[in-house]
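Coordinates as given in entry.cif (mmCIF, C-alpha atoms):
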```cif
data_final
loop_
_atom_site.label_atom_id
_atom_site.label_comp_id
_atom_site.auth_asym_id
_atom_site.auth_seq_id
_atom_site.Cartn_x
_atom_site.Cartn_y
_atom_site.Cartn_z
CA MET A 1088 51.34 64.30 -32.54
CA LYS A 1089 51.17 60.57 -33.27
CA LEU A 1090 52.40 59.81 -29.76
CA PHE A 1091 49.59 61.95 -28.31
CA HIS A 1092 46.96 60.15 -30.35
CA ALA A 1093 48.41 56.75 -29.40
CA LYS A 1094 48.28 57.56 -25.69
CA LYS A 1095 44.72 58.84 -26.04
CA LEU A 1096 43.73 55.65 -27.88
CA ARG A 1097 45.30 53.43 -25.22
CA SER A 1098 43.57 55.38 -22.45
CA GLY A 1099 40.24 55.08 -24.24
CA LEU A 1100 40.68 51.35 -24.76
CA LYS A 1101 41.49 50.78 -21.07
CA THR A 1102 38.41 52.72 -19.97
CA LEU A 1103 36.17 50.97 -22.46
CA PHE A 1104 37.50 47.52 -21.62
CA SER A 1105 37.19 48.13 -17.89
CA HIS A 1106 33.57 49.23 -18.32
CA ILE A 1107 32.73 46.34 -20.62
CA SER A 1108 34.43 43.76 -18.35
CA VAL A 1109 32.34 44.84 -15.36
CA GLN A 1110 29.14 44.63 -17.39
CA ILE A 1111 30.14 41.23 -18.75
CA ILE A 1112 30.71 39.91 -15.23
CA MET A 1113 27.37 41.27 -14.04
CA ILE A 1114 25.40 40.06 -17.06
CA VAL A 1115 26.95 36.60 -17.22
CA GLY A 1116 26.83 36.12 -13.45
CA THR A 1117 23.18 37.21 -13.23
CA THR A 1118 22.25 35.03 -16.18
CA VAL A 1119 23.93 31.99 -14.68
CA VAL A 1120 22.21 32.54 -11.33
CA LEU A 1121 18.77 33.00 -12.90
CA VAL A 1122 19.12 29.99 -15.18
CA LEU A 1123 20.29 27.72 -12.38
CA LEU A 1124 17.66 29.06 -9.98
CA CYS A 1125 14.86 28.50 -12.50
CA THR A 1126 16.18 25.00 -13.19
CA VAL A 1127 16.31 24.13 -9.49
CA MET A 1128 12.79 25.47 -8.83
CA PHE A 1129 11.40 23.71 -11.90
CA PHE A 1130 12.79 20.34 -10.88
CA TYR A 1131 11.80 20.92 -7.26
CA HIS A 1132 8.14 21.64 -8.09
CA SER A 1133 8.11 18.83 -10.66
CA THR A 1134 9.41 16.42 -8.03
CA VAL A 1135 6.79 17.59 -5.50
CA LYS A 1136 4.05 17.06 -8.09
CA ILE A 1137 5.35 13.58 -8.90
CA ILE A 1138 5.49 12.70 -5.18
CA ARG A 1139 1.88 13.87 -4.70
CA THR A 1140 0.65 11.96 -7.74
CA ASN A 1141 2.41 8.77 -6.69
CA ALA A 1142 1.12 9.12 -3.12
CA VAL A 1143 -2.48 9.50 -4.35
CA ARG A 1144 -2.26 6.58 -6.76
CA SER A 1145 -0.65 4.23 -4.27
CA ASN A 1146 -3.19 5.13 -1.57
CA GLU A 1147 -6.12 4.67 -3.96
CA ILE A 1148 -4.89 1.12 -4.55
CA ILE A 1149 -4.38 0.55 -0.83
CA LEU A 1150 -7.85 1.83 0.05
CA GLU A 1151 -9.42 -0.34 -2.63
CA GLN A 1152 -7.62 -3.39 -1.25
CA PHE A 1153 -8.75 -2.46 2.25
CA ASN A 1154 -12.37 -2.14 1.14
CA ASN A 1155 -12.25 -5.49 -0.64
CA GLY A 1156 -10.78 -7.16 2.43
CA PHE A 1157 -13.25 -5.52 4.78
CA GLU A 1158 -16.22 -6.45 2.55
CA THR A 1159 -15.05 -10.06 2.59
CA TYR A 1160 -14.77 -9.97 6.38
CA ILE A 1161 -18.30 -8.58 6.82
CA ALA A 1162 -19.71 -11.16 4.40
CA GLU A 1163 -18.06 -13.97 6.38
CA LEU A 1164 -19.41 -12.49 9.61
CA LYS A 1165 -22.95 -12.37 8.22
CA ASN A 1166 -22.72 -16.00 7.10
CA PHE A 1167 -21.44 -16.92 10.56
CA THR A 1168 -24.54 -15.49 12.26
CA LEU A 1169 -26.73 -17.73 10.08
CA ASN A 1170 -25.40 -20.86 11.77
CA VAL A 1171 -28.26 -20.69 14.26
CA ARG A 1172 -30.71 -20.88 11.37
CA MET A 1173 -29.03 -24.00 9.98
CA ASP A 1174 -29.27 -26.07 13.18
CA SER A 1175 -32.77 -27.61 13.43
CA GLY A 1176 -32.41 -28.44 17.12
CA ILE A 1177 -31.42 -24.92 18.08
CA LEU A 1178 -34.10 -23.49 15.82
CA SER A 1179 -36.79 -25.55 17.54
CA ILE A 1180 -35.69 -24.16 20.94
CA ILE A 1181 -35.84 -20.62 19.58
CA GLU A 1182 -39.35 -21.19 18.21
CA SER A 1183 -40.63 -22.56 21.52
CA PRO A 1184 -42.78 -20.17 23.60
CA ASP A 1185 -41.34 -21.65 26.79
CA ILE A 1186 -37.71 -22.45 27.59
CA GLY A 1187 -36.54 -24.64 30.47
CA TYR A 1188 -33.20 -25.30 32.13
CA ILE A 1189 -32.14 -27.98 29.62
CA GLU A 1190 -32.93 -25.72 26.69
CA GLN A 1191 -31.00 -22.88 28.31
CA GLU A 1192 -27.98 -25.14 28.82
CA THR A 1193 -28.19 -26.37 25.24
CA LEU A 1194 -28.35 -22.84 23.84
CA GLY A 1195 -25.62 -21.68 26.23
CA ASN A 1196 -23.24 -24.41 25.07
CA TYR A 1197 -24.09 -23.60 21.47
CA MET A 1198 -23.28 -19.90 22.02
CA LYS A 1199 -20.03 -20.89 23.73
CA ALA A 1200 -19.07 -23.12 20.82
CA MET A 1201 -19.84 -20.34 18.34
CA PHE A 1202 -17.74 -17.92 20.38
CA TYR A 1203 -14.67 -20.15 20.36
CA SER A 1204 -15.04 -20.96 16.67
CA ARG A 1205 -13.72 -17.47 15.87
CA HIS A 1206 -10.79 -15.49 17.24
CA ASP A 1207 -12.30 -12.02 16.81
CA LEU A 1208 -15.45 -12.22 18.95
CA TYR A 1209 -15.85 -10.10 22.06
CA ASP A 1210 -19.25 -11.55 22.91
CA ILE A 1211 -22.17 -13.32 21.26
CA SER A 1212 -25.81 -13.65 22.26
CA VAL A 1213 -29.20 -14.74 21.02
CA HIS A 1214 -32.37 -12.76 21.79
CA MET A 1215 -35.44 -15.01 21.62
CA LEU A 1216 -38.62 -13.09 20.84
CA ARG A 1217 -41.18 -15.74 21.72
CA ASN A 1218 -40.00 -16.26 25.29
CA ASP A 1219 -38.25 -12.89 25.91
CA THR A 1220 -34.99 -14.59 26.88
CA MET A 1221 -31.42 -13.65 26.06
CA ILE A 1222 -28.50 -16.07 26.34
CA ARG A 1223 -25.03 -14.55 26.12
CA PHE A 1224 -21.41 -15.66 26.28
CA SER A 1225 -18.77 -12.99 26.81
CA ARG A 1226 -15.00 -12.77 26.79
CA ASP A 1227 -15.15 -10.75 30.02
CA THR A 1228 -17.02 -13.28 32.15
CA LYS A 1229 -16.06 -16.49 30.33
CA LYS A 1230 -19.44 -17.92 31.23
CA VAL A 1231 -22.99 -18.14 29.90
CA SER A 1232 -25.50 -15.63 31.24
CA VAL A 1233 -29.29 -15.79 30.96
CA SER A 1234 -31.55 -12.76 31.24
CA HIS A 1235 -35.09 -11.75 30.33
CA GLU A 1236 -35.93 -8.74 28.20
CA THR A 1237 -38.98 -7.27 26.54
CA ASN A 1238 -39.78 -4.88 23.69
CA ILE A 1239 -36.80 -6.03 21.63
CA GLU A 1240 -38.80 -5.35 18.48
CA GLN A 1241 -38.91 -1.65 19.36
CA GLU A 1242 -35.14 -1.22 19.38
CA ASP A 1243 -33.59 0.78 16.54
CA TRP A 1244 -31.10 -1.95 15.72
CA PHE A 1245 -33.90 -4.51 15.43
CA LEU A 1246 -35.95 -2.29 13.13
CA ALA A 1247 -32.87 -1.66 10.96
CA ALA A 1248 -32.04 -5.38 10.71
CA ALA A 1249 -35.64 -6.48 10.15
CA SER A 1250 -36.09 -4.00 7.30
CA SER A 1251 -32.81 -4.92 5.61
CA PRO A 1252 -32.92 -7.21 2.54
CA ASP A 1253 -30.64 -9.73 4.26
CA TYR A 1254 -32.16 -9.23 7.73
CA SER A 1255 -28.92 -7.91 9.22
CA CYS A 1256 -27.31 -4.63 10.18
CA ILE A 1257 -23.90 -3.44 11.32
CA ALA A 1258 -23.40 -0.78 13.99
CA PRO A 1259 -20.35 0.71 15.73
CA TYR A 1260 -19.76 -0.61 19.22
CA ARG A 1261 -19.79 2.83 20.82
CA PRO A 1262 -20.98 6.26 19.64
CA ASP A 1263 -17.65 8.00 20.29
CA VAL A 1264 -15.95 5.53 17.86
CA CYS A 1265 -12.46 4.16 18.24
CA TYR A 1266 -9.04 5.66 17.88
CA PRO A 1267 -5.67 4.34 19.04
CA LYS A 1268 -4.51 5.10 22.55
CA GLU A 1269 -1.68 3.73 24.62
CA SER A 1270 -4.13 1.37 26.32
CA PHE A 1271 -5.83 0.44 23.05
CA ALA A 1272 -5.57 -3.26 22.14
CA SER A 1273 -6.75 -5.58 19.40
CA SER A 1274 -9.14 -7.14 21.91
CA ALA A 1275 -11.11 -3.90 22.31
CA PRO A 1276 -14.71 -3.97 20.95
CA PHE A 1277 -15.10 -2.61 17.43
CA LEU A 1278 -18.51 -3.25 15.86
CA ARG A 1279 -21.72 -5.19 16.35
CA ILE A 1280 -23.71 -7.25 13.89
CA TYR A 1281 -27.38 -8.04 14.37
CA ARG A 1282 -28.97 -10.93 12.46
CA VAL A 1283 -32.73 -11.47 12.58
CA ILE A 1284 -33.68 -15.14 12.39
CA ILE A 1285 -37.07 -15.55 10.72
CA ASN A 1286 -39.50 -18.38 10.07
CA ALA A 1287 -38.81 -19.50 6.51
CA TYR A 1288 -42.51 -19.84 5.71
CA THR A 1289 -44.24 -17.04 7.62
CA LYS A 1290 -41.26 -14.61 7.51
CA LYS A 1291 -42.02 -13.81 11.13
CA PRO A 1292 -39.00 -12.84 13.27
CA LEU A 1293 -38.08 -15.50 15.81
CA ALA A 1294 -34.83 -14.29 17.33
CA VAL A 1295 -31.86 -11.99 16.89
CA VAL A 1296 -28.25 -13.14 16.94
CA GLU A 1297 -25.97 -10.38 18.17
CA ALA A 1298 -22.17 -10.59 17.86
CA THR A 1299 -19.60 -8.02 18.96
CA CYS A 1300 -16.25 -8.16 17.14
CA ASP A 1301 -12.96 -6.81 18.40
CA MET A 1302 -10.35 -4.64 16.68
CA SER A 1303 -8.12 -7.50 15.51
CA ILE A 1304 -9.38 -7.31 11.92
CA MET A 1305 -8.90 -3.55 11.77
CA ASN A 1306 -5.40 -3.71 13.21
CA SER A 1307 -4.36 -6.37 10.73
CA ILE A 1308 -5.75 -4.45 7.75
CA ILE A 1309 -4.55 -1.04 8.96
CA LYS A 1310 -0.96 -2.26 8.76
CA ASP A 1311 -1.35 -2.42 4.99
CA LEU A 1312 -2.39 1.22 4.78
CA GLY A 1313 1.10 2.59 5.29
CA GLN A 1314 -0.03 4.65 8.23
CA ASP A 1315 2.21 7.34 9.68
CA LYS A 1316 1.69 9.89 12.41
CA SER A 1317 0.78 12.64 9.95
CA SER A 1318 -1.84 10.61 8.03
CA LEU A 1319 -5.45 10.57 9.17
CA PHE A 1320 -7.74 7.64 8.40
CA ARG A 1321 -11.48 7.14 8.82
CA LEU A 1322 -13.87 4.30 8.08
CA SER A 1323 -17.56 5.21 7.88
CA ASP A 1324 -20.73 3.81 6.39
CA GLN A 1325 -22.79 5.31 3.57
CA ASP A 1326 -24.66 7.48 6.06
CA GLY A 1327 -21.46 9.02 7.36
CA THR A 1328 -21.51 7.15 10.69
CA PRO A 1329 -17.85 6.68 11.71
CA TYR A 1330 -16.67 3.20 12.71
CA PHE A 1331 -12.96 3.82 13.06
CA LEU A 1332 -10.78 6.90 13.39
CA ASN A 1333 -7.04 6.90 13.97
CA SER A 1334 -7.32 10.38 15.48
CA PRO A 1335 -10.07 12.02 17.57
CA GLN A 1336 -9.78 15.23 15.52
CA LEU A 1337 -11.33 13.40 12.54
CA THR A 1338 -14.72 13.65 14.19
CA ASP A 1339 -14.83 17.19 12.74
CA LEU A 1340 -14.00 16.07 9.21
CA PRO A 1341 -16.94 16.41 6.81
CA VAL A 1342 -18.04 13.39 4.81
CA PHE A 1343 -17.10 13.42 1.13
CA PRO A 1344 -19.97 11.53 -0.55
CA LEU A 1345 -19.20 9.33 -3.53
CA SER A 1346 -21.33 7.40 -5.95
CA THR A 1347 -20.66 3.81 -6.97
CA GLU A 1348 -19.67 5.11 -10.42
CA ASP A 1349 -17.03 7.32 -8.80
CA THR A 1350 -15.40 4.80 -6.48
CA ALA A 1351 -12.08 6.56 -6.09
CA LYS A 1352 -11.49 10.25 -5.70
CA GLN A 1353 -8.79 12.62 -4.47
CA GLU A 1354 -8.64 16.32 -3.85
CA SER A 1355 -6.69 18.84 -1.81
CA VAL A 1356 -8.52 20.02 1.31
CA MET A 1357 -7.81 22.37 4.19
CA PHE A 1358 -8.45 20.80 7.57
CA ARG A 1359 -7.67 22.61 10.83
CA ASN A 1360 -5.41 25.10 9.01
CA ASP A 1361 -3.32 22.33 7.43
CA GLU A 1362 -3.38 21.20 3.80
CA TYR A 1363 -4.04 17.52 3.10
CA LEU A 1364 -4.48 15.33 0.07
CA CYS A 1365 -7.84 13.69 0.66
CA VAL A 1366 -8.06 10.21 -0.89
CA THR A 1367 -11.44 8.48 -0.64
CA HIS A 1368 -12.79 5.14 -1.82
CA LEU A 1369 -16.30 3.68 -1.79
CA SER A 1370 -16.75 -0.07 -1.50
CA ARG A 1371 -18.27 -2.03 -4.34
CA ASP A 1372 -21.54 -2.49 -2.49
CA GLY A 1373 -21.68 1.25 -1.76
CA HIS A 1374 -21.75 0.69 2.01
CA TRP A 1375 -18.24 1.52 3.27
CA LEU A 1376 -16.49 4.82 2.68
CA LEU A 1377 -12.77 5.11 3.39
CA THR A 1378 -11.15 8.52 3.81
CA LYS A 1379 -7.43 9.08 4.19
CA LEU A 1380 -5.82 12.48 4.65
CA ILE A 1381 -2.16 12.72 3.67
CA SER A 1382 -0.26 15.70 5.03
CA VAL A 1383 1.08 17.88 2.21
CA ASP A 1384 3.81 19.16 4.53
CA THR A 1385 5.00 15.60 5.08
CA LEU A 1386 5.10 14.91 1.36
CA THR A 1387 6.95 18.18 0.74
CA ALA A 1388 9.40 17.43 3.54
CA GLN A 1389 10.46 14.31 1.66
CA ASN A 1390 11.81 16.60 -1.06
CA ILE A 1391 13.52 19.15 1.18
CA SER A 1392 16.85 17.32 1.18
CA SER A 1393 16.94 17.19 -2.61
CA ARG A 1394 16.01 20.87 -2.74
CA ASN A 1395 18.82 21.74 -0.34
CA ILE A 1396 21.29 19.77 -2.45
CA SER A 1397 20.06 21.61 -5.54
CA LEU A 1398 20.53 24.97 -3.83
CA LEU A 1399 24.06 23.95 -2.82
CA VAL A 1400 24.77 23.03 -6.43
CA LEU A 1401 23.35 26.41 -7.48
CA ILE A 1402 25.62 28.33 -5.11
CA THR A 1403 28.66 26.28 -6.10
CA ALA A 1404 27.95 26.71 -9.80
CA THR A 1405 27.48 30.46 -9.33
CA VAL A 1406 30.78 30.84 -7.47
CA ILE A 1407 32.60 28.78 -10.10
CA SER A 1408 31.03 30.78 -12.93
CA ILE A 1409 31.92 34.15 -11.42
CA THR A 1410 35.44 32.95 -10.62
CA ALA A 1411 35.89 31.74 -14.18
CA ILE A 1412 34.65 35.05 -15.56
CA ALA A 1413 36.96 37.00 -13.25
CA PHE A 1414 39.88 34.84 -14.35
CA LEU A 1415 39.09 35.51 -18.01
CA VAL A 1416 38.89 39.23 -17.32
CA HIS A 1417 42.25 39.01 -15.58
CA LEU A 1418 43.77 37.33 -18.63
CA LEU A 1419 42.28 39.94 -20.92
CA THR A 1420 43.59 42.69 -18.66
CA ARG A 1421 47.10 41.25 -18.82
CA SER A 1422 46.81 41.00 -22.59
CA LEU A 1423 45.74 44.66 -22.75
CA LYS A 1424 48.65 45.71 -20.57
CA ARG A 1425 51.05 43.76 -22.80
CA LEU A 1426 49.52 45.38 -25.87
CA SER A 1427 49.75 48.79 -24.23
CA SER A 1428 53.42 48.21 -23.40
CA GLN A 1429 54.12 47.18 -26.95
CA MET A 1430 52.35 50.32 -28.21
CA ASP A 1431 54.45 52.45 -25.81
CA GLN A 1432 57.65 50.94 -27.10
CA ALA A 1433 56.52 51.43 -30.69
CA GLY A 1434 55.65 55.06 -29.92
CA LYS A 1435 59.05 55.74 -28.38
CA GLY A 1436 60.71 54.23 -31.44
CA ASP A 1437 58.75 56.57 -33.72
CA LEU A 1438 59.71 59.54 -31.50
CA LYS A 1439 63.43 58.70 -31.73
CA THR A 1440 63.16 58.37 -35.49
CA THR A 1441 61.49 61.78 -35.69
CA LEU A 1442 64.16 63.44 -33.53
CA ARG A 1443 66.93 62.06 -35.73
#
```
Using the file provided, produce a representation of the structure as structure tokens.
Amino acid sequence: MKLFHAKKLRSGLKTLFSHISVQIIMIVGTTVVLVLLCTVMFFYHSTVKIIRTNAVRSNEIILEQFNNGFETYIAELKNFTLNVRMDSGILSIIESPDIGYIEQETLGNYMKAMFYSRHDLYDISVHMLRNDTMIRFSRDTKKVSVSHETNIEQEDWFLAAASSPDYSCIAPYRPDVCYPKESFASSAPFLRIYRVIINAYTKKPLAVVEATCDMSIMNSIIKDLGQDKSSLFRLSDQDGTPYFLNSPQLTDLPVFPLSTEDTAKQESVMFRNDEYLCVTHLSRDGHWLLTKLISVDTLTAQNISSRNISLLVLITATVISITAIAFLVHLLTRSLKRLSSQMDQAGKGDLKTTLR
């Protein structure tokens, strides 16, 4: 009777242990996988967030530096166009109602000297209102040209410059703006500045100095922006008129207006079915608005390798965990078999004692 109960107990223990061991393997294995998976995803998304934050902060600083440098460049350009006003001999020629050959030569040489005093000029000219004469020196022709023109004061650029507090205005060189091409060079025209020269006493306009600048300044500053093929960059004025685009598709990008109190701003935007981090910065004088779109896919791709390594660690850890659990179950199974054998031998000993 005791032998029967012992065998029944051993059979019950084997069944129970086998059932429990399978559940233990499943529970522990699932728990390990879930914990490691949650850890990997947490660190992955945390890393992506950190990368985005760092990208926005660094680009805000870069755009601010760009704006400061560009403001300084425009201020120097405006001061340069005032040179005509500072030369009394040139000013007297401009104020004259009639201009002869000698005066034309004098003004032509002066324009030529102004042109070669800077490295970024594409052309420079002076429009004289009293005698309807324009004298121009250009990089293309390398010579002084003289022409006659009328109704200068009806031109939009003249009205904009004449109504400005500093009697100047800036305009893009061409309406379709600029973006890099294979044939694009630093010598390509970029923007134009118009400076109205007035009589200091009567405030009456006497002439307009017009200078066209090339892309050399933009190319030198753009290098500091950390540009890559996936980033889009636009320079526009406060009215939204674009001056520079590094991609023609940016012509469709809406303007994100900013106030001078909110000089730096970033937000996530969808543009042409792609997600971008949009970083914008308004210059201190409120005139120039910079917009840079940073591809979210590019930022995320920077973290793909670390994610793949994390997933490899997850798989390795899972395999090791399950192997370790299986090994422990194997040891427990051997221990149970040894215990069962010992119980069998003890049962046989009791049976022999009973028979005697």
Which residue gives the smallest distance to Lys1165 in chain A among A:Met1305, A:Met1221, A:Val1143, A:Cys1300, with only C-alpha atoms counted? A:Cys1300
Point-to-point distance from CA of Gln1191 in chain A to CA of Arg1279 in chain A, Å rounded to tenths: 23.3 Å
Selection dump of the PyMOL selection byres ((chain A and resi 1235) around 8), as a ChimeraX atom specification: /A:1219-1221,1233-1234,1236-1237
Please tabulate, as CSV, the residues of range 1220-1337 of chain A that come within 10 Å of range 1200-1211 of chain A, each with its closest pair of atoms and the distance in Å to one decimal, counting all atoms listed in the file and ordering rows by chain, then residue number upward.
```
residue,atom,partner,partner_atom,distance
A:Ile1222,CA,A:Ile1211,CA,8.6
A:Arg1223,CA,A:Ile1211,CA,5.8
A:Phe1224,CA,A:Ile1211,CA,5.6
A:Ser1225,CA,A:Asp1210,CA,4.2
A:Arg1226,CA,A:Tyr1209,CA,5.5
A:Asp1227,CA,A:Tyr1209,CA,8.0
A:Thr1228,CA,A:Asp1210,CA,9.7
A:Lys1229,CA,A:Asp1210,CA,9.5
A:Val1231,CA,A:Ile1211,CA,9.9
A:Ser1273,CA,A:Asp1207,CA,8.9
A:Ser1274,CA,A:Tyr1209,CA,7.3
A:Ala1275,CA,A:Tyr1209,CA,7.8
A:Pro1276,CA,A:Tyr1209,CA,6.3
A:Phe1277,CA,A:Tyr1209,CA,8.8
A:Leu1278,CA,A:Tyr1209,CA,9.6
A:Arg1279,CA,A:Asp1210,CA,9.5
A:Ile1280,CA,A:Ile1211,CA,9.7
A:Val1296,CA,A:Ile1211,CA,7.5
A:Glu1297,CA,A:Ile1211,CA,5.7
A:Ala1298,CA,A:Ile1211,CA,4.4
A:Thr1299,CA,A:Tyr1209,CA,5.3
A:Cys1300,CA,A:Leu1208,CA,4.5
A:Asp1301,CA,A:Asp1207,CA,5.5
A:Met1302,CA,A:Asp1207,CA,7.6
A:Ser1303,CA,A:Asp1207,CA,6.3
A:Ile1304,CA,A:Asp1207,CA,7.4
```
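In this comparison, which uses all atoms listed in the file, the residue of A:Phe1153, A:Ile1239, A:Cys1125, A:Tyr1281 approaching Asn1166 in chain A most closely is A:Tyr1281.
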By how many Å are CA of Lys1136 in chain A and CA of Gln1152 in chain A apart? 24.5 Å
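Taking CA of Pro1292 in chain A and CA of Arg1217 in chain A as the two end points, the separation is 9.2 Å.
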Could you tell me which residues the PyMOL selection byres ((chain A and resi 1183) around 10) grabs in this file, written as a CSV table (one decimal) with C-alpha atoms, in the coordinates of the input?
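Contents of the output file part_23.csv:
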```
chain,number,residue,atom,x,y,z
A,1178,LEU,CA,-34.1,-23.5,15.8
A,1179,SER,CA,-36.8,-25.6,17.5
A,1180,ILE,CA,-35.7,-24.2,20.9
A,1181,ILE,CA,-35.8,-20.6,19.6
A,1182,GLU,CA,-39.4,-21.2,18.2
A,1184,PRO,CA,-42.8,-20.2,23.6
A,1185,ASP,CA,-41.3,-21.6,26.8
A,1186,ILE,CA,-37.7,-22.4,27.6
A,1190,GLU,CA,-32.9,-25.7,26.7
A,1215,MET,CA,-35.4,-15.0,21.6
A,1216,LEU,CA,-38.6,-13.1,20.8
A,1217,ARG,CA,-41.2,-15.7,21.7
A,1218,ASN,CA,-40.0,-16.3,25.3
A,1293,LEU,CA,-38.1,-15.5,15.8
```
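Nearest residue to Arg1172 in chain A among A:Ala1249, A:Ile1285, A:Leu1194, A:Leu1376 is A:Ile1285, counting only C-alpha atoms.
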Please determine the residues with any atom at most 9 Å from (-21.2, 0.1, 1.1) (coordinates as given in the file, with all atoms listed in the file counting) and report them as JSON, numbers by chain. {"A": [1158, 1324, 1325, 1347, 1369, 1370, 1371, 1372, 1373, 1374, 1375, 1376]}
Missing atoms in range 1209-1223 of chain A should be modelled up to N, CA, C and O atoms and reported as an mmCIF file, in the frame of the given file.
```cif
data_model
loop_
_atom_site.group_PDB
_atom_site.id
_atom_site.type_symbol
_atom_site.label_atom_id
_atom_site.label_comp_id
_atom_site.auth_asym_id
_atom_site.auth_seq_id
_atom_site.Cartn_x
_atom_site.Cartn_y
_atom_site.Cartn_z
ATOM 1 N N TYR A 1209 -15.906 -10.647 20.704
ATOM 2 C CA TYR A 1209 -15.850 -10.100 22.060
ATOM 3 C C TYR A 1209 -16.983 -10.688 22.901
ATOM 4 O O TYR A 1209 -16.794 -10.988 24.072
ATOM 5 N N ASP A 1210 -18.138 -10.836 22.283
ATOM 6 C CA ASP A 1210 -19.250 -11.550 22.910
ATOM 7 C C ASP A 1210 -20.234 -11.974 21.832
ATOM 8 O O ASP A 1210 -20.188 -11.482 20.699
ATOM 9 N N ILE A 1211 -21.126 -12.876 22.176
ATOM 10 C CA ILE A 1211 -22.170 -13.320 21.260
ATOM 11 C C ILE A 1211 -23.406 -13.685 22.073
ATOM 12 O O ILE A 1211 -23.297 -14.196 23.201
ATOM 13 N N SER A 1212 -24.563 -13.379 21.532
ATOM 14 C CA SER A 1212 -25.810 -13.650 22.260
ATOM 15 C C SER A 1212 -26.942 -13.914 21.286
ATOM 16 O O SER A 1212 -26.855 -13.570 20.103
ATOM 17 N N VAL A 1213 -27.996 -14.518 21.803
ATOM 18 C CA VAL A 1213 -29.200 -14.740 21.020
ATOM 19 C C VAL A 1213 -30.389 -14.206 21.825
ATOM 20 O O VAL A 1213 -30.558 -14.533 23.003
ATOM 21 N N HIS A 1214 -31.168 -13.341 21.177
ATOM 22 C CA HIS A 1214 -32.370 -12.760 21.790
ATOM 23 C C HIS A 1214 -33.581 -13.509 21.226
ATOM 24 O O HIS A 1214 -33.869 -13.405 20.029
ATOM 25 N N MET A 1215 -34.272 -14.241 22.064
ATOM 26 C CA MET A 1215 -35.440 -15.010 21.620
ATOM 27 C C MET A 1215 -36.713 -14.194 21.852
ATOM 28 O O MET A 1215 -36.999 -13.776 22.980
ATOM 29 N N LEU A 1216 -37.460 -13.979 20.774
ATOM 30 C CA LEU A 1216 -38.620 -13.090 20.840
ATOM 31 C C LEU A 1216 -39.846 -13.757 21.448
ATOM 32 O O LEU A 1216 -40.673 -13.090 22.082
ATOM 33 N N ARG A 1217 -39.969 -15.058 21.267
ATOM 34 C CA ARG A 1217 -41.180 -15.740 21.720
ATOM 35 C C ARG A 1217 -41.202 -15.942 23.236
ATOM 36 O O ARG A 1217 -42.266 -16.027 23.837
ATOM 37 N N ASN A 1218 -40.035 -16.053 23.845
ATOM 38 C CA ASN A 1218 -40.000 -16.260 25.290
ATOM 39 C C ASN A 1218 -39.241 -15.158 26.032
ATOM 40 O O ASN A 1218 -38.968 -15.286 27.228
ATOM 41 N N ASP A 1219 -38.901 -14.074 25.308
ATOM 42 C CA ASP A 1219 -38.250 -12.890 25.910
ATOM 43 C C ASP A 1219 -37.006 -13.254 26.722
ATOM 44 O O ASP A 1219 -36.781 -12.744 27.823
ATOM 45 N N THR A 1220 -36.197 -14.138 26.181
ATOM 46 C CA THR A 1220 -34.990 -14.590 26.880
ATOM 47 C C THR A 1220 -33.754 -14.292 26.043
ATOM 48 O O THR A 1220 -33.767 -14.466 24.809
ATOM 49 N N MET A 1221 -32.693 -13.873 26.720
ATOM 50 C CA MET A 1221 -31.420 -13.650 26.060
ATOM 51 C C MET A 1221 -30.352 -14.522 26.709
ATOM 52 O O MET A 1221 -30.209 -14.543 27.933
ATOM 53 N N ILE A 1222 -29.611 -15.233 25.870
ATOM 54 C CA ILE A 1222 -28.500 -16.070 26.340
ATOM 55 C C ILE A 1222 -27.219 -15.518 25.723
ATOM 56 O O ILE A 1222 -27.129 -15.342 24.496
ATOM 57 N N ARG A 1223 -26.234 -15.269 26.564
ATOM 58 C CA ARG A 1223 -25.030 -14.550 26.120
ATOM 59 C C ARG A 1223 -23.778 -15.231 26.671
ATOM 60 O O ARG A 1223 -23.758 -15.712 27.804
#
```
